[in-house]
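File shown here: start-v8.txt, holding compact mmCIF, C-alpha atoms.
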```
# COMPACT_ATOMS: atom_id res chain seq x y z
CA MET A 194 58.74 103.59 101.82
CA THR A 195 61.36 106.20 102.58
CA THR A 196 60.67 109.86 103.28
CA THR A 197 64.07 111.13 102.12
CA THR A 198 64.67 110.57 98.46
CA PRO A 199 68.16 110.87 97.02
CA ASP A 200 68.57 113.86 94.72
CA VAL A 201 71.15 115.55 92.50
CA GLY A 202 74.55 115.51 94.20
CA ASP A 203 73.72 112.58 96.47
CA PRO A 204 75.44 109.22 96.05
CA PHE A 205 73.28 106.73 94.17
CA PRO A 206 72.32 103.89 96.53
CA ASP A 207 74.26 100.67 96.38
CA PHE A 208 72.37 97.79 94.76
CA ALA A 209 72.65 94.21 93.56
CA LEU A 210 69.82 93.15 91.26
CA PRO A 211 69.26 90.03 89.16
CA THR A 212 69.12 90.55 85.41
CA ALA A 213 67.07 88.90 82.69
CA ASP A 214 70.19 87.24 81.25
CA GLY A 215 70.79 85.35 84.52
CA GLY A 216 73.44 87.64 85.97
CA ILE A 217 73.60 90.08 88.86
CA VAL A 218 74.19 93.77 88.27
CA ARG A 219 75.73 95.87 91.05
CA ARG A 220 76.36 99.55 91.52
CA ALA A 221 80.07 98.72 91.73
CA ASP A 222 79.95 97.36 88.15
CA PHE A 223 79.68 100.98 86.96
CA ALA A 224 82.48 102.47 89.08
CA GLY A 225 84.21 105.19 87.08
CA ARG A 226 81.49 105.14 84.38
CA LYS A 227 78.34 107.11 83.83
CA LEU A 228 75.06 105.22 84.18
CA VAL A 229 71.51 105.92 83.08
CA ILE A 230 69.23 103.81 85.24
CA PHE A 231 65.59 104.14 84.33
CA PHE A 232 62.68 102.76 86.31
CA TYR A 233 59.45 101.88 84.58
CA PRO A 234 56.15 100.40 85.82
CA LYS A 235 55.53 97.22 83.81
CA ASP A 236 57.01 95.12 81.02
CA ASP A 237 55.14 94.98 77.71
CA THR A 238 52.75 97.86 78.36
CA PRO A 239 52.56 100.60 75.71
CA GLY A 240 54.48 103.38 77.50
CA CYS A 241 57.08 101.06 78.99
CA THR A 242 57.64 99.34 75.65
CA THR A 243 58.13 102.67 73.89
CA GLU A 244 60.50 103.91 76.59
CA ASN A 245 62.63 100.76 76.42
CA GLN A 246 62.65 100.78 72.61
CA ASP A 247 63.71 104.44 72.59
CA PHE A 248 66.63 103.82 74.97
CA SER A 249 67.56 100.69 73.02
CA ALA A 250 67.56 102.61 69.72
CA LEU A 251 70.05 105.08 71.22
CA ALA A 252 72.21 102.46 72.97
CA ALA A 253 75.16 102.92 70.61
CA GLU A 254 75.10 106.69 71.13
CA PHE A 255 74.98 106.26 74.91
CA ALA A 256 77.92 103.82 74.67
CA ALA A 257 79.87 106.27 72.52
CA ALA A 258 79.35 108.87 75.26
CA GLY A 259 80.67 106.39 77.86
CA VAL A 260 77.24 105.86 79.40
CA ALA A 261 75.85 102.47 80.45
CA LEU A 262 72.09 101.82 80.33
CA LEU A 263 70.00 99.80 82.77
CA GLY A 264 66.22 99.40 82.81
CA VAL A 265 64.54 98.38 86.08
CA SER A 266 61.04 97.39 87.12
CA ARG A 267 59.55 95.13 89.77
CA ASP A 268 58.55 92.55 87.18
CA PRO A 269 59.95 89.03 87.63
CA LEU A 270 62.96 87.89 85.62
CA ALA A 271 60.90 85.63 83.33
CA ALA A 272 58.78 88.63 82.27
CA HIS A 273 61.95 90.69 81.66
CA ALA A 274 63.51 87.96 79.53
CA LYS A 275 60.36 87.59 77.40
CA PHE A 276 60.01 91.38 77.05
CA ALA A 277 63.68 91.90 76.08
CA LYS A 278 63.58 89.09 73.51
CA LYS A 279 60.25 90.16 72.01
CA HIS A 280 61.46 93.73 71.43
CA GLY A 281 65.18 93.04 70.76
CA LEU A 282 66.31 95.37 73.54
CA ALA A 283 69.98 96.37 73.46
CA HIS A 284 70.30 97.10 77.18
CA PRO A 285 70.02 94.92 80.27
CA LEU A 286 66.86 94.73 82.38
CA ALA A 287 67.10 94.20 86.11
CA SER A 288 64.39 93.11 88.50
CA ASP A 289 63.76 94.97 91.74
CA GLU A 290 61.04 92.46 92.60
CA ALA A 291 61.63 92.78 96.35
CA GLY A 292 61.53 96.57 96.02
CA ALA A 293 64.65 97.43 98.03
CA LEU A 294 66.06 99.89 95.47
CA SER A 295 62.78 101.51 94.39
CA ASP A 296 61.83 101.92 98.06
CA ALA A 297 65.25 103.47 98.85
CA LEU A 298 64.71 105.92 95.99
CA GLY A 299 61.15 106.75 97.06
CA ILE A 300 59.72 105.87 93.65
CA TRP A 301 57.34 103.08 94.73
CA VAL A 302 54.40 105.38 95.31
CA GLU A 303 50.65 105.51 95.67
CA LYS A 304 49.01 105.98 92.29
CA SER A 305 45.44 106.36 91.17
CA MET A 306 43.60 105.11 88.10
CA TYR A 307 39.87 105.12 87.46
CA GLY A 308 39.23 106.14 91.05
CA LYS A 309 41.23 103.26 92.56
CA THR A 310 44.48 103.75 94.41
CA TYR A 311 47.34 101.28 94.31
CA LEU A 312 51.11 101.18 94.79
CA GLY A 313 53.23 101.34 91.66
CA MET A 314 56.52 102.44 90.14
CA GLU A 315 56.81 106.13 89.38
CA ARG A 316 58.53 106.36 85.99
CA THR A 317 61.87 107.91 86.95
CA THR A 318 65.30 108.17 85.32
CA TYR A 319 68.62 108.82 87.04
CA LEU A 320 71.85 109.89 85.39
CA VAL A 321 74.66 108.81 87.69
CA GLY A 322 78.05 110.37 87.13
CA ALA A 323 81.33 108.49 87.00
CA ASP A 324 81.82 109.55 90.63
CA GLY A 325 78.72 107.56 91.70
CA ARG A 326 76.70 110.68 92.47
CA ILE A 327 73.36 111.56 90.95
CA ALA A 328 73.98 114.10 88.18
CA GLU A 329 70.34 114.48 87.06
CA VAL A 330 66.90 113.11 87.93
CA TRP A 331 63.79 113.00 85.77
CA ARG A 332 60.68 112.28 87.83
CA LYS A 333 57.18 111.45 86.56
CA VAL A 334 58.68 110.93 83.12
CA LYS A 335 56.65 111.47 79.98
CA VAL A 336 57.97 108.95 77.46
CA LYS A 337 57.90 110.99 74.24
CA ASN A 338 61.44 112.24 73.43
CA HIS A 339 62.66 111.30 76.93
CA ALA A 340 65.53 109.00 75.89
CA ALA A 341 66.88 111.62 73.47
CA ALA A 342 66.71 114.31 76.17
CA VAL A 343 68.59 112.05 78.61
CA LEU A 344 71.22 111.35 75.95
CA GLY A 345 71.73 115.08 75.41
CA VAL A 346 72.37 115.68 79.11
CA ALA A 347 74.56 112.58 79.42
CA GLN A 348 76.74 113.75 76.53
CA SER A 349 77.19 117.14 78.18
CA ILE A 350 78.62 115.92 81.50
```
Can you dump the structure from the file as structure tokens?
Amino acid sequence: MTTTTPDVGDPFPDFALPTADGGIVRRADFAGRKLVIFFYPKDDTPGCTTENQDFSALAAEFAAAGVALLGVSRDPLAAHAKFAKKHGLAHPLASDEAGALSDALGIWVEKSMYGKTYLGMERTTYLVGADGRIAEVWRKVKVKNHAAAVLGVAQSI
């Protein structure tokens, strides 16, 4: 895990991640475009399902604002494909199964539940500007109204 986490104004790290549709998504694919890249803990869990459905429901509005959407977790591609199909998601899902990107961002963290500690994804959203720099970061995201709040900021930059 890294001790320096990229923040507003920093370049978003380069990446190449496999997607549920069989492709590879790269940072360079979004050159000159805004990107909302949101990291969530686990496919098909209540909070993660709601978050993905909320972003998916607003996909057309993000597109109208010139903003691409990308959901990322460490789940394997088969889980992503099943999750996306089950919920009719309108945005791509990428797998950071090896953890290179989430480690670089410092969002693979120690968590605690019912007195047990474990490593897991900290729900985090990045708005990356057309210049490739981080325009906004939401850490320890609470799902309710999050996608709409991100859309509002994305439309304003």
| query | What is the distance, in Å and to one decimal place, between atom CA of A:Asp207 and atom CA of A:Ala323? | reply | 14.1 Å
| query | Counting all atoms listed in the file, which of A:Lys275, A:Arg326, A:Lys337, A:Arg332 gets nearest to A:Asp237? | reply | A:Lys275
| task | Could you give me, as a PyMOL selection string, the residues within 9 Å of A:Ala261, counting all atoms listed in the file and dropping anything in the same chain fewer than 2 positions from it? | result | chain A and resi 223+226-230+252+255-256+258-259+263+284
| request: In Å, rounded to a single decimal, give me how far atom CA of A:Val330 is from atom CA of A:His273. | output: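 That distance, rounded to one decimal, is 23.8 Å.
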| field | Near-A:Glu254 list (12 Å; only C-alpha atoms; drop same-chain fewer than 5 positions) as a ChimeraX atom specification | value | /A:247-249,259-262,283,340-341,343-345,347-348
Take the residues from that selection and write them out as a PDB file, keeping the file's coordinate frame, keeping C-alpha atoms.
```
ATOM      1  CA  ASP A 247      63.710 104.440  72.590  1.00  0.00           C
ATOM      2  CA  PHE A 248      66.630 103.820  74.970  1.00  0.00           C
ATOM      3  CA  SER A 249      67.560 100.690  73.020  1.00  0.00           C
ATOM      4  CA  GLY A 259      80.670 106.390  77.860  1.00  0.00           C
ATOM      5  CA  VAL A 260      77.240 105.860  79.400  1.00  0.00           C
ATOM      6  CA  ALA A 261      75.850 102.470  80.450  1.00  0.00           C
ATOM      7  CA  LEU A 262      72.090 101.820  80.330  1.00  0.00           C
ATOM      8  CA  ALA A 283      69.980  96.370  73.460  1.00  0.00           C
ATOM      9  CA  ALA A 340      65.530 109.000  75.890  1.00  0.00           C
ATOM     10  CA  ALA A 341      66.880 111.620  73.470  1.00  0.00           C
ATOM     11  CA  VAL A 343      68.590 112.050  78.610  1.00  0.00           C
ATOM     12  CA  LEU A 344      71.220 111.350  75.950  1.00  0.00           C
ATOM     13  CA  GLY A 345      71.730 115.080  75.410  1.00  0.00           C
ATOM     14  CA  ALA A 347      74.560 112.580  79.420  1.00  0.00           C
ATOM     15  CA  GLN A 348      76.740 113.750  76.530  1.00  0.00           C
TER      16      GLN A 348
END
```
| task | Could you tell me which of A:Pro285, A:Tyr319, A:Asn338, A:Phe276 comes closest to A:Gly202 if we count only C-alpha atoms? | result |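 Ranking A:Pro285, A:Tyr319, A:Asn338, A:Phe276 by distance to A:Gly202, first place goes to A:Tyr319.
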| task | Give me, please, the distance in Å between atom CA of A:Tyr311 and atom CA of A:Thr198, quoted to one decimal. | result | 20.1 Å
| A:Gly299, A:Phe205, A:Pro199, A:Leu251: which is nearest A:Ala342, counting all atoms listed in the file? | A:Leu251
Got a minute to add N, CA and C atoms to stretch 284-298 of chain A and dump it as a PDB file, in the frame of the given file?
```pdb
ATOM      1  N   HIS A 284      69.797  96.785  75.853  1.00  0.00           N
ATOM      2  CA  HIS A 284      70.300  97.100  77.180  1.00  0.00           C
ATOM      3  C   HIS A 284      69.769  96.074  78.176  1.00  0.00           C
ATOM      4  N   PRO A 285      70.479  95.887  79.280  1.00  0.00           N
ATOM      5  CA  PRO A 285      70.020  94.920  80.270  1.00  0.00           C
ATOM      6  C   PRO A 285      68.800  95.421  81.039  1.00  0.00           C
ATOM      7  N   LEU A 286      68.001  94.452  81.502  1.00  0.00           N
ATOM      8  CA  LEU A 286      66.860  94.730  82.380  1.00  0.00           C
ATOM      9  C   LEU A 286      67.112  94.028  83.700  1.00  0.00           C
ATOM     10  N   ALA A 287      66.922  94.765  84.779  1.00  0.00           N
ATOM     11  CA  ALA A 287      67.100  94.200  86.110  1.00  0.00           C
ATOM     12  C   ALA A 287      65.768  94.190  86.841  1.00  0.00           C
ATOM     13  N   SER A 288      65.628  93.235  87.728  1.00  0.00           N
ATOM     14  CA  SER A 288      64.390  93.110  88.500  1.00  0.00           C
ATOM     15  C   SER A 288      64.603  93.563  89.935  1.00  0.00           C
ATOM     16  N   ASP A 289      63.782  94.509  90.342  1.00  0.00           N
ATOM     17  CA  ASP A 289      63.760  94.970  91.740  1.00  0.00           C
ATOM     18  C   ASP A 289      62.491  94.410  92.385  1.00  0.00           C
ATOM     19  N   GLU A 290      62.282  93.109  92.180  1.00  0.00           N
ATOM     20  CA  GLU A 290      61.040  92.460  92.600  1.00  0.00           C
ATOM     21  C   GLU A 290      60.767  92.635  94.087  1.00  0.00           C
ATOM     22  N   ALA A 291      61.806  92.597  94.909  1.00  0.00           N
ATOM     23  CA  ALA A 291      61.630  92.780  96.350  1.00  0.00           C
ATOM     24  C   ALA A 291      61.420  94.251  96.716  1.00  0.00           C
ATOM     25  N   GLY A 292      61.788  95.153  95.821  1.00  0.00           N
ATOM     26  CA  GLY A 292      61.530  96.570  96.020  1.00  0.00           C
ATOM     27  C   GLY A 292      62.548  97.337  96.834  1.00  0.00           C
ATOM     28  N   ALA A 293      63.670  96.733  97.171  1.00  0.00           N
ATOM     29  CA  ALA A 293      64.650  97.430  98.030  1.00  0.00           C
ATOM     30  C   ALA A 293      65.154  98.727  97.393  1.00  0.00           C
ATOM     31  N   LEU A 294      65.508  98.690  96.103  1.00  0.00           N
ATOM     32  CA  LEU A 294      66.060  99.890  95.470  1.00  0.00           C
ATOM     33  C   LEU A 294      64.985 100.932  95.209  1.00  0.00           C
ATOM     34  N   SER A 295      63.841 100.529  94.666  1.00  0.00           N
ATOM     35  CA  SER A 295      62.780 101.510  94.390  1.00  0.00           C
ATOM     36  C   SER A 295      62.255 102.122  95.685  1.00  0.00           C
ATOM     37  N   ASP A 296      62.224 101.353  96.756  1.00  0.00           N
ATOM     38  CA  ASP A 296      61.830 101.920  98.060  1.00  0.00           C
ATOM     39  C   ASP A 296      62.879 102.924  98.547  1.00  0.00           C
ATOM     40  N   ALA A 297      64.167 102.573  98.413  1.00  0.00           N
ATOM     41  CA  ALA A 297      65.250 103.470  98.850  1.00  0.00           C
ATOM     42  C   ALA A 297      65.226 104.786  98.084  1.00  0.00           C
ATOM     43  N   LEU A 298      64.770 104.724  96.828  1.00  0.00           N
ATOM     44  CA  LEU A 298      64.710 105.920  95.990  1.00  0.00           C
ATOM     45  C   LEU A 298      63.398 106.690  96.167  1.00  0.00           C
TER      46      LEU A 298
END
```
